[in-house]
Structure formats: C-alpha cells, structure tokens
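One file, final_17.pdb, carrying PDB, C-alpha atoms and all ligand atoms:
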```pdb
ATOM      1  CA  MET A   1      -1.351 -25.884 266.968
ATOM      2  CA  ASN A   2      -4.352 -28.014 267.868
ATOM      3  CA  GLU A   3      -5.927 -28.148 264.408
ATOM      4  CA  ARG A   4      -5.490 -31.119 262.066
ATOM      5  CA  THR A   5      -1.986 -31.067 260.638
ATOM      6  CA  ARG A   6       0.160 -33.260 258.426
ATOM      7  CA  ILE A   7       2.759 -34.902 260.624
ATOM      8  CA  ALA A   8       5.550 -37.194 259.433
ATOM      9  CA  VAL A   9       6.843 -39.941 261.716
ATOM     10  CA  ALA A  10      10.409 -41.118 261.082
ATOM     11  CA  GLY A  11      10.769 -44.701 262.305
ATOM     12  CA  ALA A  12       7.020 -45.267 261.971
ATOM     13  CA  THR A  13       7.272 -49.065 262.190
ATOM     14  CA  GLY A  14       9.416 -49.206 265.343
ATOM     15  CA  ARG A  15       8.558 -49.931 268.994
ATOM     16  CA  LEU A  16       7.720 -46.252 269.500
ATOM     17  CA  GLY A  17       6.860 -45.201 265.957
ATOM     18  CA  ARG A  18       3.886 -47.556 265.556
ATOM     19  CA  HIS A  19       2.288 -46.022 268.672
ATOM     20  CA  LEU A  20       2.998 -42.517 267.360
ATOM     21  CA  VAL A  21       1.111 -43.368 264.171
ATOM     22  CA  ASP A  22      -1.808 -44.798 266.194
ATOM     23  CA  VAL A  23      -2.047 -41.798 268.559
ATOM     24  CA  LEU A  24      -1.817 -39.255 265.725
ATOM     25  CA  GLU A  25      -4.510 -41.047 263.707
ATOM     26  CA  GLU A  26      -6.760 -41.403 266.761
ATOM     27  CA  ARG A  27      -6.453 -37.622 267.238
ATOM     28  CA  GLY A  28      -7.396 -36.953 263.635
ATOM     29  CA  HIS A  29      -4.052 -35.892 262.177
ATOM     30  CA  GLU A  30      -2.846 -36.772 258.710
ATOM     31  CA  VAL A  31       0.165 -39.051 259.189
ATOM     32  CA  VAL A  32       3.053 -39.624 256.811
ATOM     33  CA  PRO A  33       4.747 -42.810 258.060
ATOM     34  CA  MET A  34       8.434 -43.068 257.137
ATOM     35  CA  SER A  35      10.772 -46.057 257.383
ATOM     36  CA  ARG A  36      12.901 -48.032 254.957
ATOM     37  CA  SER A  37      10.248 -50.744 254.710
ATOM     38  CA  LEU A  38       7.800 -48.019 253.640
ATOM     39  CA  GLY A  39      10.215 -46.672 251.006
ATOM     40  CA  VAL A  40      11.651 -43.706 252.919
ATOM     41  CA  ASP A  41      15.259 -43.808 254.098
ATOM     42  CA  VAL A  42      16.335 -40.948 256.374
ATOM     43  CA  VAL A  43      20.027 -41.878 256.005
ATOM     44  CA  THR A  44      20.308 -42.084 252.213
ATOM     45  CA  ALA A  45      17.401 -39.608 251.795
ATOM     46  CA  GLU A  46      15.691 -41.969 249.328
ATOM     47  CA  GLY A  47      12.014 -40.987 249.123
ATOM     48  CA  LEU A  48      12.424 -38.331 251.832
ATOM     49  CA  ALA A  49      11.791 -35.117 249.863
ATOM     50  CA  GLU A  50       8.624 -36.640 248.408
ATOM     51  CA  ALA A  51       7.409 -37.804 251.844
ATOM     52  CA  LEU A  52       7.982 -34.387 253.436
ATOM     53  CA  LYS A  53       5.821 -32.465 250.936
ATOM     54  CA  GLY A  54       3.216 -30.454 252.839
ATOM     55  CA  VAL A  55       4.429 -31.735 256.198
ATOM     56  CA  GLU A  56       4.316 -29.239 259.066
ATOM     57  CA  THR A  57       5.888 -31.321 261.840
ATOM     58  CA  VAL A  58       8.294 -34.254 261.891
ATOM     59  CA  ILE A  59       8.495 -36.572 264.901
ATOM     60  CA  ASP A  60      11.845 -38.325 264.757
ATOM     61  CA  ALA A  61      11.684 -41.843 266.217
ATOM     62  CA  ALA A  62      14.022 -43.491 263.720
ATOM     63  CA  SER A  63      16.855 -45.502 265.192
ATOM     64  CA  HIS A  64      19.883 -47.489 264.171
ATOM     65  CA  PRO A  65      19.174 -51.232 264.368
ATOM     66  CA  THR A  66      22.286 -51.977 266.482
ATOM     67  CA  PRO A  67      23.439 -50.277 269.694
ATOM     68  CA  ASP A  68      27.086 -49.823 268.569
ATOM     69  CA  GLU A  69      28.311 -46.283 269.152
ATOM     70  CA  GLY A  70      30.143 -45.655 265.845
ATOM     71  CA  PRO A  71      27.447 -46.815 263.407
ATOM     72  CA  ALA A  72      24.692 -45.307 265.581
ATOM     73  CA  THR A  73      26.491 -41.946 265.636
ATOM     74  CA  GLU A  74      26.877 -41.996 261.848
ATOM     75  CA  PHE A  75      23.197 -42.909 261.555
ATOM     76  CA  PHE A  76      22.020 -39.965 263.671
ATOM     77  CA  ILE A  77      24.366 -37.467 261.974
ATOM     78  CA  ALA A  78      23.106 -38.468 258.528
ATOM     79  CA  SER A  79      19.426 -38.720 259.493
ATOM     80  CA  THR A  80      19.541 -35.353 261.263
ATOM     81  CA  ARG A  81      21.225 -33.612 258.334
ATOM     82  CA  ASN A  82      18.653 -35.001 255.915
ATOM     83  CA  LEU A  83      15.615 -34.257 258.083
ATOM     84  CA  GLN A  84      16.845 -30.714 258.781
ATOM     85  CA  GLU A  85      17.933 -29.869 255.203
ATOM     86  CA  LEU A  86      15.131 -31.505 253.230
ATOM     87  CA  GLY A  87      12.638 -30.532 255.925
ATOM     88  CA  ALA A  88      13.648 -26.865 255.619
ATOM     89  CA  GLN A  89      13.304 -27.047 251.828
ATOM     90  CA  SER A  90       9.792 -28.497 252.240
ATOM     91  CA  GLY A  91       8.676 -25.873 254.760
ATOM     92  CA  VAL A  92       8.644 -28.117 257.861
ATOM     93  CA  LYS A  93       8.058 -25.856 260.873
ATOM     94  CA  GLN A  94       9.257 -28.045 263.746
ATOM     95  CA  ILE A  95      10.920 -31.341 264.573
ATOM     96  CA  VAL A  96      10.144 -33.251 267.776
ATOM     97  CA  VAL A  97      12.907 -35.642 268.794
ATOM     98  CA  VAL A  98      12.855 -38.474 271.298
ATOM     99  CA  SER A  99      15.994 -38.981 273.300
ATOM    100  CA  ILE A 100      17.016 -40.882 276.441
ATOM    101  CA  ILE A 101      17.061 -39.811 280.092
ATOM    102  CA  GLY A 102      20.491 -39.393 281.663
ATOM    103  CA  ILE A 103      22.637 -39.231 278.528
ATOM    104  CA  ASP A 104      24.628 -36.151 279.580
ATOM    105  CA  ASP A 105      26.758 -38.232 281.950
ATOM    106  CA  PHE A 106      27.350 -41.224 279.667
ATOM    107  CA  SER A 107      30.552 -41.355 277.649
ATOM    108  CA  ALA A 108      30.179 -44.395 275.416
ATOM    109  CA  GLY A 109      27.890 -46.647 273.431
ATOM    110  CA  PHE A 110      24.436 -45.841 272.103
ATOM    111  CA  LEU A 111      23.812 -43.201 274.781
ATOM    112  CA  ALA A 112      26.846 -41.231 273.554
ATOM    113  CA  ALA A 113      25.437 -41.453 270.025
ATOM    114  CA  LYS A 114      22.146 -39.987 271.300
ATOM    115  CA  LYS A 115      24.040 -36.970 272.671
ATOM    116  CA  VAL A 116      25.307 -36.311 269.146
ATOM    117  CA  HIS A 117      21.752 -36.803 267.852
ATOM    118  CA  GLU A 118      20.394 -34.098 270.183
ATOM    119  CA  ARG A 119      23.293 -31.723 269.537
ATOM    120  CA  GLU A 120      23.060 -31.974 265.740
ATOM    121  CA  MET A 121      19.270 -31.633 265.791
ATOM    122  CA  LEU A 122      19.398 -28.483 267.924
ATOM    123  CA  ARG A 123      21.755 -26.821 265.406
ATOM    124  CA  GLY A 124      18.723 -26.278 263.183
ATOM    125  CA  PRO A 125      17.676 -24.571 260.997
ATOM    126  CA  ILE A 126      14.250 -26.044 261.879
ATOM    127  CA  PRO A 127      13.281 -25.457 265.556
ATOM    128  CA  VAL A 128      13.507 -28.634 267.619
ATOM    129  CA  GLN A 129      11.861 -29.865 270.796
ATOM    130  CA  VAL A 130      13.477 -32.787 272.610
ATOM    131  CA  LEU A 131      11.717 -35.183 274.985
ATOM    132  CA  ARG A 132      13.931 -37.590 276.908
ATOM    133  CA  ALA A 133      12.322 -40.923 277.779
ATOM    134  CA  ALA A 134      13.247 -43.818 280.042
ATOM    135  CA  GLN A 135      13.726 -47.308 278.595
ATOM    136  CA  PHE A 136      10.530 -48.719 277.110
ATOM    137  CA  HIS A 137       8.644 -51.726 278.516
ATOM    138  CA  GLU A 138       8.928 -53.108 274.976
ATOM    139  CA  PHE A 139      12.727 -52.938 275.204
ATOM    140  CA  VAL A 140      13.024 -55.523 278.002
ATOM    141  CA  GLU A 141      12.353 -58.454 275.682
ATOM    142  CA  PRO A 142      15.166 -57.693 273.193
ATOM    143  CA  LEU A 143      17.554 -56.852 276.039
ATOM    144  CA  VAL A 144      16.850 -60.206 277.649
ATOM    145  CA  GLY A 145      16.870 -61.995 274.285
ATOM    146  CA  TRP A 146      20.387 -60.728 273.501
ATOM    147  CA  THR A 147      21.715 -62.264 276.721
ATOM    148  CA  PRO A 148      23.510 -65.609 276.484
ATOM    149  CA  ARG A 149      22.317 -68.341 278.888
ATOM    150  CA  GLU A 150      24.499 -70.903 280.604
ATOM    151  CA  ASN A 151      22.930 -73.843 282.452
ATOM    152  CA  GLY A 152      19.640 -72.022 283.003
ATOM    153  CA  VAL A 153      21.265 -68.761 284.151
ATOM    154  CA  ALA A 154      21.207 -65.518 282.163
ATOM    155  CA  TYR A 155      23.647 -62.764 283.080
ATOM    156  CA  LEU A 156      22.183 -59.294 282.611
ATOM    157  CA  PRO A 157      23.840 -55.921 283.187
ATOM    158  CA  ASN A 158      23.225 -54.432 286.613
ATOM    159  CA  MET A 159      20.931 -51.640 285.537
ATOM    160  CA  ARG A 160      18.324 -49.487 287.214
ATOM    161  CA  THR A 161      15.639 -48.069 284.963
ATOM    162  CA  GLN A 162      12.239 -46.443 285.400
ATOM    163  CA  LEU A 163      10.608 -48.296 282.500
ATOM    164  CA  VAL A 164       7.775 -46.619 280.599
ATOM    165  CA  ALA A 165       5.321 -47.888 277.975
ATOM    166  CA  ALA A 166       6.102 -46.813 274.409
ATOM    167  CA  ARG A 167       2.424 -45.833 274.057
ATOM    168  CA  THR A 168       2.789 -43.438 277.008
ATOM    169  CA  VAL A 169       5.863 -41.834 275.413
ATOM    170  CA  ALA A 170       4.025 -41.565 272.089
ATOM    171  CA  GLU A 171       1.146 -39.679 273.738
ATOM    172  CA  ALA A 172       3.591 -37.225 275.346
ATOM    173  CA  LEU A 173       5.416 -36.654 272.051
ATOM    174  CA  VAL A 174       2.153 -35.999 270.221
ATOM    175  CA  ASP A 175       1.166 -33.539 272.979
ATOM    176  CA  LEU A 176       4.471 -31.729 272.411
ATOM    177  CA  ALA A 177       4.052 -31.773 268.645
ATOM    178  CA  THR A 178       0.473 -30.511 268.548
ATOM    179  CA  GLU A 179      -0.028 -28.171 271.476
ATOM    180  CA  ALA A 180       1.372 -24.676 271.757
ATOM    181  CA  SER A 181       4.061 -25.631 274.217
ATOM    182  CA  SER A 182       6.685 -23.687 276.093
ATOM    183  CA  MET A 183       8.757 -26.757 276.905
ATOM    184  CA  PRO A 184      12.425 -25.759 277.226
ATOM    185  CA  THR A 185      15.140 -26.938 274.806
ATOM    186  CA  LEU A 186      18.855 -27.506 275.345
ATOM    187  CA  ASN A 187      19.588 -23.850 274.649
ATOM    188  CA  GLY A 188      17.248 -22.770 277.399
ATOM    189  CA  SER A 189      17.114 -24.835 280.532
ATOM    190  CA  ARG A 190      16.409 -28.483 281.230
ATOM    191  CA  ILE A 191      14.948 -30.891 278.724
ATOM    192  CA  PRO A 192      11.597 -32.464 279.651
ATOM    193  CA  GLU A 193      11.642 -36.106 280.711
ATOM    194  CA  ILE A 194       9.065 -38.899 280.789
ATOM    195  CA  ALA A 195       9.390 -42.138 282.745
ATOM    196  CA  GLY A 196       7.254 -44.851 284.271
ATOM    197  CA  PRO A 197       5.825 -44.960 287.791
ATOM    198  CA  ARG A 198       8.749 -46.632 289.570
ATOM    199  CA  ALA A 199      12.407 -47.561 289.334
ATOM    200  CA  GLU A 200      13.129 -51.236 288.694
ATOM    201  CA  THR A 201      16.182 -53.384 288.051
ATOM    202  CA  LEU A 202      16.597 -55.133 284.738
ATOM    203  CA  VAL A 203      17.068 -58.435 286.585
ATOM    204  CA  ASP A 204      13.702 -58.064 288.356
ATOM    205  CA  VAL A 205      11.705 -57.177 285.233
ATOM    206  CA  ALA A 206      13.413 -59.944 283.240
ATOM    207  CA  ALA A 207      12.249 -62.387 285.931
ATOM    208  CA  LEU A 208       8.672 -61.062 285.585
ATOM    209  CA  LEU A 209       8.826 -61.571 281.810
ATOM    210  CA  ALA A 210      10.205 -65.113 282.133
ATOM    211  CA  ALA A 211       7.580 -66.028 284.749
ATOM    212  CA  ARG A 212       4.798 -64.731 282.499
ATOM    213  CA  ARG A 213       6.094 -67.005 279.727
ATOM    214  CA  GLY A 214       6.588 -70.014 281.964
ATOM    215  CA  GLU A 215      10.346 -70.077 281.217
ATOM    216  CA  SER A 216      12.606 -71.563 283.849
ATOM    217  CA  VAL A 217      15.628 -69.301 283.840
ATOM    218  CA  ARG A 218      17.412 -67.487 286.649
ATOM    219  CA  PHE A 219      18.752 -63.981 286.071
ATOM    220  CA  GLU A 220      21.894 -62.628 287.653
ATOM    221  CA  GLY A 221      23.173 -59.081 287.471
ATOM    222  CA  VAL A 222      26.754 -58.523 286.324
ATOM    223  CA  THR A 223      28.975 -55.488 285.907
ATOM    224  CA  ASN A 224      31.172 -55.213 282.848
ATOM    225  CA  PRO A 225      34.510 -53.841 284.115
ATOM    226  CA  ALA A 226      35.369 -52.712 280.574
ATOM    227  CA  ASP A 227      32.336 -50.408 280.410
ATOM    228  CA  PRO A 228      33.306 -46.870 281.458
ATOM    229  CA  ASP A 229      29.644 -46.188 282.268
ATOM    230  CA  GLY A 230      29.034 -49.404 284.246
ATOM    231  CA  ALA A 231      28.642 -47.594 287.581
ATOM    232  CA  LEU A 232      26.160 -45.124 286.051
ATOM    233  CA  TYR A 233      23.885 -47.936 284.847
ATOM    234  CA  GLU A 234      23.977 -49.455 288.332
ATOM    235  CA  ASN A 235      23.674 -46.326 290.426
ATOM    236  CA  GLY A 236      20.717 -44.578 288.872
ATOM    237  CA  GLY A 237      22.285 -42.684 285.952
ATOM    238  CA  LEU A 238      19.287 -43.638 283.801
ATOM    239  CA  LEU A 239      16.666 -42.584 286.348
ATOM    240  CA  PRO A 240      14.555 -39.444 285.815
ATOM    241  CA  GLY A 241      15.070 -36.136 287.586
ATOM    242  CA  PRO A 242      12.611 -34.668 290.118
ATOM    243  CA  ASP A 243      10.673 -32.713 287.464
ATOM    244  CA  ALA A 244      10.030 -35.659 285.143
ATOM    245  CA  THR A 245       6.528 -36.611 284.090
ATOM    246  CA  LEU A 246       5.810 -40.064 285.526
ATOM    247  CA  ALA A 247       3.068 -42.114 283.893
ATOM    248  CA  GLY A 248       1.871 -45.708 283.972
ATOM    249  CA  PRO A 249       1.305 -48.490 283.448
ATOM    250  CA  THR A 250       3.953 -50.244 285.535
ATOM    251  CA  TYR A 251       5.884 -52.992 283.803
ATOM    252  CA  ALA A 252       3.912 -55.679 285.664
ATOM    253  CA  ASP A 253       0.545 -54.170 284.674
ATOM    254  CA  TRP A 254       1.698 -53.708 281.097
ATOM    255  CA  LEU A 255       2.814 -57.358 280.878
ATOM    256  CA  GLU A 256      -0.561 -58.446 282.213
ATOM    257  CA  ARG A 257      -2.401 -56.383 279.603
ATOM    258  CA  GLU A 258      -0.159 -57.596 276.772
ATOM    259  CA  ALA A 259      -0.830 -61.187 277.770
ATOM    260  CA  ARG A 260      -4.590 -60.548 277.616
ATOM    261  CA  ALA A 261      -4.450 -58.690 274.303
TER     262      ALA A 261
HETATM  263  N1  LIG B 301      13.946 -48.489 273.025
HETATM  264  C1  LIG B 301      13.960 -47.766 274.138
HETATM  265  O1  LIG B 301      13.849 -48.291 275.273
HETATM  266  C2  LIG B 301      14.107 -46.263 274.042
HETATM  267  C3  LIG B 301      14.086 -45.482 275.221
HETATM  268  C4  LIG B 301      14.181 -44.082 275.128
HETATM  269  C5  LIG B 301      14.316 -43.487 273.869
HETATM  270  N2  LIG B 301      14.364 -44.276 272.749
HETATM  271  C6  LIG B 301      14.521 -43.621 271.443
HETATM  272  O2  LIG B 301      13.310 -43.817 270.727
HETATM  273  C7  LIG B 301      13.596 -43.858 269.322
HETATM  274  C8  LIG B 301      12.908 -45.086 268.734
HETATM  275  O3  LIG B 301      13.389 -46.246 269.393
HETATM  276  P1  LIG B 301      12.704 -47.672 269.119
HETATM  277  O4  LIG B 301      13.142 -48.561 270.217
HETATM  278  O5  LIG B 301      11.260 -47.475 268.823
HETATM  279  O6  LIG B 301      13.466 -48.092 267.771
HETATM  280  P2  LIG B 301      13.172 -49.382 266.841
HETATM  281  O7  LIG B 301      12.080 -50.218 267.402
HETATM  282  O8  LIG B 301      14.508 -49.985 266.594
HETATM  283  O9  LIG B 301      12.601 -48.726 265.493
HETATM  284  C9  LIG B 301      13.460 -48.028 264.635
HETATM  285  C10 LIG B 301      12.645 -47.478 263.484
HETATM  286  O10 LIG B 301      13.534 -46.747 262.618
HETATM  287  C11 LIG B 301      13.332 -47.209 261.303
HETATM  288  N3  LIG B 301      14.586 -47.031 260.561
HETATM  289  C12 LIG B 301      15.778 -47.631 260.754
HETATM  290  N4  LIG B 301      16.674 -47.199 259.854
HETATM  291  C13 LIG B 301      16.031 -46.287 259.087
HETATM  292  C14 LIG B 301      16.418 -45.491 257.976
HETATM  293  N5  LIG B 301      17.660 -45.530 257.470
HETATM  294  N6  LIG B 301      15.485 -44.678 257.413
HETATM  295  C15 LIG B 301      14.215 -44.635 257.905
HETATM  296  N7  LIG B 301      13.801 -45.337 258.946
HETATM  297  C16 LIG B 301      14.707 -46.170 259.534
HETATM  298  C17 LIG B 301      12.911 -48.676 261.425
HETATM  299  O11 LIG B 301      12.174 -49.151 260.326
HETATM  300  P3  LIG B 301      12.890 -49.834 259.034
HETATM  301  O12 LIG B 301      13.793 -50.897 259.576
HETATM  302  O13 LIG B 301      11.753 -50.327 258.199
HETATM  303  O14 LIG B 301      13.646 -48.759 258.335
HETATM  304  C18 LIG B 301      11.975 -48.551 262.634
HETATM  305  O15 LIG B 301      10.715 -48.074 262.203
HETATM  306  C19 LIG B 301      15.122 -43.849 269.195
HETATM  307  O16 LIG B 301      15.544 -42.531 268.917
HETATM  308  C20 LIG B 301      15.600 -44.262 270.577
HETATM  309  O17 LIG B 301      16.876 -43.735 270.885
HETATM  310  C21 LIG B 301      14.260 -45.636 272.799
END
```
Give the structure from the file, written as structure tokens.
Ligand SMILES: NC(=O)c1ccc[n+]([C@@H]2O[C@H](COP(=O)([O-])OP(=O)(O)OC[C@H]3O[C@@H](n4cnc5c(N)ncnc54)[C@H](OP(=O)(O)O)[C@@H]3O)[C@@H](O)[C@H]2O)c1
Amino acid sequence: MNERTRIAVAGATGRLGRHLVDVLEERGHEVVPMSRSLGVDVVTAEGLAEALKGVETVIDAASHPTPDEGPATEFFIASTRNLQELGAQSGVKQIVVVSIIGIDDFSAGFLAAKKVHEREMLRGPIPVQVLRAAQFHEFVEPLVGWTPRENGVAYLPNMRTQLVAARTVAEALVDLATEASSMPTLNGSRIPEIAGPRAETLVDVAALLAARRGESVRFEGVTNPADPDGALYENGGLLPGPDATLAGPTYADWLEREARA
C-alpha cells in the first residue's frame, strides 16, 4: 500500500498526532486530522462519519487528557467502538493503533486502560495493527510538571524507561500504515515495539531537563507503596523486549536539538 492514500489521524493535535500529520504530509498522503479542537470527537462521534468519508486507514493516537484508569478506560471503549463502527460503515480498511510497551503485566492506572484499548480494537470488524511504544521524550516535561516541589526538591516516581522521540514513533506508525506489512497482532504472536536507544531513569532525565532550563531543583525518586505496579515501574516493566526496534535520538540529543530549534 505504498501509493498515495487518504489517512485519518485521531488525536492529530497531540504530542504524537502532530508528528503523524507531518510525516504523512511529507510522504505525500492526504491527511484527515481529527481532534475535538478540529471538530471531530471520537467519543461522542460528533463529526466522525463526515471525517471518515473516503478514508482507507485510520491511525489512532487519540488519548484521554488525564491518566486516571476509570475515565481513560471509558474513553478508549467509546473511541474504539466509534472508530470501528463508523469506520466499517465508511469502508475503512485498517486501523493502526499506538499502545505502550509492557502493559500486559500492569494491573492499574492508565496502562490498564491501554490493555482494554488494545483488546477492544482487536475485536474488529476492521483489521488492526498495534505498535507498542516506550514513553515519549515529550512526555518528560508534563510528568515533571505534575510533581509537587518542596524546598527545591521534587519527588518523582522511581521509573525506568527507554524514552523515544514522538517523531520516531510517528515514522514507525506511518511505515506500518502504508507498507504491505506482516507485523504480527495480538491474535498471532508478539506485538511490535519501538523504543529509544537506551534505558534511563525518570530522575536522571528530569535533571537533564532542569539543567537545560537553568532551574535549580533536585530530583529524588520515590516509590508509592499504594501502587500495585510500583515494583514494575522500578524494575524494568516498561522496558522493551529483545526484538524491539530501537531508534534515536537519545533524550539528551533531543533536548539539545529542541533548544536550538
Ligand atoms: N505520551 C507518551 O509517552 C506515550 C507513550 C506510548 C504510547 N502513547 C500513546 O500514544 C497516544 C497519543 O498520546 P499523546 O501523548 O500524543 O496524547 P496527547 O498529547 O494527550 O494528545 C491527545 C490527542 O487526542 C485528542 N483528543 C482527546 N480527546 C478526544 C476526543 N474525544 N475526540 C478526538 N480527539 C480527542 C487531543 O486533541 P483535542 O484535545 O483537541 O481533542 C489530542 O490531539 C495514546 O494512545 C497514548 O497511550 C503515549
């Protein structure tokens, strides 16, 4: 499927979605950007049937604005039902979904909601390809921003992650969406993964970000004893498997480039 096709991007204004739109346009595809701010709501279905007219492929990068498990689960159930049902009525041939590395082992929070997202998507009727990604470089800033500071110290969750640039994930998703691909799905064997070049701790990358901004803050890692998945975050539950695609830039190089841009 290398020829020019009409591809809809759900969540087209998000951290990932804006790169998806850029990559698709650079490669000459006709893009239908979808988000509430663009008049298309995948949860209420407002504007969705109209947007999906003539669309061959949907890339689903829409996301609930908060990480809470209940509302995020409801979001993904509703968005999946609408994309699958209205997509099928419009003749959509495939949906490409971005998910998160490691979710099988997690029992709570946003990662549990993403398991429901994958499961509901793979029920069809439209064929689905899933790509699981590591946390984005772009996600460090909001994670750090949400953290309260006391006397110049910010307490972040002890978390290991193999951060990847959203642009890099977007390129891989567009490859999946536009090339005849034999990537496996949940029903077959493992799901493909994409991550950055090396594992980092959230505390270390937060310190890089603060240093780049000239902020004087010290970061300390903490474990939340109430989180049933706390040990998984700390012990590599979010890290990619041996078959993952690893692609740069590193977080440090990405920060450098962003500062120059
Ligand atoms: N962030 C990460 O580190 C990371 C890592 C791996 C995988 N992922 C996955 O990548 C996907 C995108 O994540 P992201 O960080 O790019 O999300 P994001 O920055 O929060 O963007 C979410 C997008 O969804 C849109 N949206 C929200 N509610 C909508 C609705 N009801 N109807 C239509 N559009 C809606 C938003 O635009 P409007 O507000 O205008 O509607 C926005 O364009 C998610 O599936 C996430 O699980 C994220």
Residue with smallest distance to ligand LIG 301 (chain B) - pool A:Ser107, A:Ser90, A:Gln135, A:Asn82, counting all atoms listed in the file: A:Gln135
Identify which of the residues A:Gly91, A:Gly241, A:Pro65, A:Gly47 lies closest to ligand LIG 301 (chain B), counting all atoms listed in the file when measuring atom-to-atom distances.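 Ranking A:Gly91, A:Gly241, A:Pro65, A:Gly47 by distance to ligand LIG 301 (chain B), first place goes to A:Pro65.
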Please write as JSON, numbers by chain the full residue list that the PyMOL selection byres (((chain A and resi 79) around 9) and not hetatm) yields on this file. {"A": [41, 42, 43, 44, 45, 62, 74, 75, 76, 77, 78, 80, 81, 82, 83, 84, 117]}
Please write out the residues within 6 Å of ligand LIG 301 (chain B) as a PyMOL selection string, counting all atoms listed in the file. chain A and resi 10-17+35-37+40-43+61-65+98-100+133-136+139
Which residue of A:Leu202, A:Ala112, A:Ala172, A:Ile194 approaches A:Tyr233 most closely, using all atoms listed in the file: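 For A:Tyr233, the nearest of the candidates is A:Leu202.
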On this file, the PyMOL selection byres (((chain A and resi 56) around 12) and not hetatm) gives some set of residues; write that set as a ChimeraX atom specification. /A:1,3-9,29-32,51-55,57-59,87-96,126-127,177-178
Considering all atoms listed in the file, state which residue in the set A:Ile101, A:Leu163, A:Leu232, A:Ala108 is at the smallest distance from A:Leu131.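 Answer, going by the shortest atom-to-atom distance: A:Ile101.
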Option closest in space to A:Leu122, from A:Thr147, A:Leu246, A:Val97, A:Glu138 [counting only C-alpha atoms]: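 For A:Leu122, the nearest of the candidates is A:Val97.
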Find the axis-aligned box for stretch 251-260 of chain A, covering all its listed atoms and adding 4 Å on each side, and write its centre and edge lengths in Å to one decimal as lines of an AutoDock Vina configuration file.
```
center_x = 0.6
center_y = -57.1
center_z = 281.2
size_x = 18.5
size_y = 16.2
size_z = 16.9
```
Given the PyMOL selection byres (((chain A and resi 159) around 10) and not hetatm), the residues it picks as number ranges by chain: A: 156-158, 160-161, 200-203, 221-223, 230-238
Check the smallest atom-to-atom distance from each of A:Ile103, A:Ala113, A:Ala244, A:Ala207 to A:Val153 using all atoms listed in the file, then report the winner.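 Counting all atoms listed in the file, the residue closest to A:Val153 is A:Ala207.
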Neighbourhood query: residues within 7 Å of (22.2, -45.7, 268.2), file coordinates, counting all atoms listed in the file; return as a VMD selection string. chain A and resid 63 to 64 66 to 69 72 to 73 110 113 to 114
What is the distance between atom CA of A:Gly102 and atom CA of A:Leu255, in Å to one decimal?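 Distance reported for this atom pair: 25.2 Å.
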Give me the residues near A:Val164 as a VMD selection string, where near means some atom within 6 Å (using only C-alpha atoms) and where sequence neighbours in that chain fewer than 6 positions away do not count. chain A and resid 136 to 137 195 to 196
Point-to-point distance from atom CA of A:Gly28 to atom CA of A:Asp253, Å rounded to tenths: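 It comes out at 28.3 Å.
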Atom CA of A:Pro148 and atom CA of A:Pro228 are how many Å apart? 21.7 Å
Would you mind exporting stretch 197-215 of chain A with N, CA and C atoms, as a compact mmCIF listing (two decimals), in the first residue's frame?
```txt
# COMPACT_ATOMS: atom_id res chain seq x y z
N PRO A 197 17.18 4.65 22.23
CA PRO A 197 18.45 3.92 22.21
C PRO A 197 18.87 3.34 23.55
N ARG A 198 18.44 3.95 24.69
CA ARG A 198 18.92 3.41 25.96
C ARG A 198 17.94 3.66 27.11
N ALA A 199 18.03 2.76 28.09
CA ALA A 199 17.17 2.88 29.26
C ALA A 199 17.68 4.02 30.15
N GLU A 200 16.75 4.77 30.72
CA GLU A 200 17.10 5.89 31.58
C GLU A 200 16.20 5.81 32.82
N THR A 201 16.52 6.62 33.83
CA THR A 201 15.56 6.76 34.93
C THR A 201 14.90 8.12 34.78
N LEU A 202 13.67 8.20 35.26
CA LEU A 202 12.94 9.46 35.16
C LEU A 202 13.69 10.56 35.92
N VAL A 203 14.27 10.21 37.06
CA VAL A 203 15.02 11.19 37.85
C VAL A 203 16.18 11.76 37.03
N ASP A 204 16.91 10.93 36.33
CA ASP A 204 18.06 11.40 35.55
C ASP A 204 17.62 12.32 34.39
N VAL A 205 16.57 11.93 33.67
CA VAL A 205 16.17 12.78 32.53
C VAL A 205 15.53 14.08 33.01
N ALA A 206 14.85 14.02 34.16
CA ALA A 206 14.28 15.26 34.73
C ALA A 206 15.41 16.22 35.07
N ALA A 207 16.52 15.69 35.59
CA ALA A 207 17.66 16.54 35.94
C ALA A 207 18.25 17.17 34.67
N LEU A 208 18.31 16.41 33.58
CA LEU A 208 18.80 16.96 32.30
C LEU A 208 17.91 18.12 31.84
N LEU A 209 16.59 17.91 31.96
CA LEU A 209 15.64 18.95 31.53
C LEU A 209 15.80 20.21 32.38
N ALA A 210 15.90 20.03 33.69
CA ALA A 210 16.04 21.18 34.59
C ALA A 210 17.34 21.93 34.32
N ALA A 211 18.42 21.17 34.07
CA ALA A 211 19.72 21.80 33.81
C ALA A 211 19.65 22.62 32.52
N ARG A 212 19.00 22.07 31.51
CA ARG A 212 18.86 22.77 30.23
C ARG A 212 18.12 24.09 30.41
N ARG A 213 17.19 24.12 31.36
CA ARG A 213 16.40 25.33 31.60
C ARG A 213 16.99 26.24 32.66
N GLY A 214 18.10 25.83 33.24
CA GLY A 214 18.73 26.64 34.28
C GLY A 214 17.92 26.67 35.56
N GLU A 215 17.10 25.63 35.81
CA GLU A 215 16.30 25.59 37.05
C GLU A 215 17.10 24.91 38.15
```
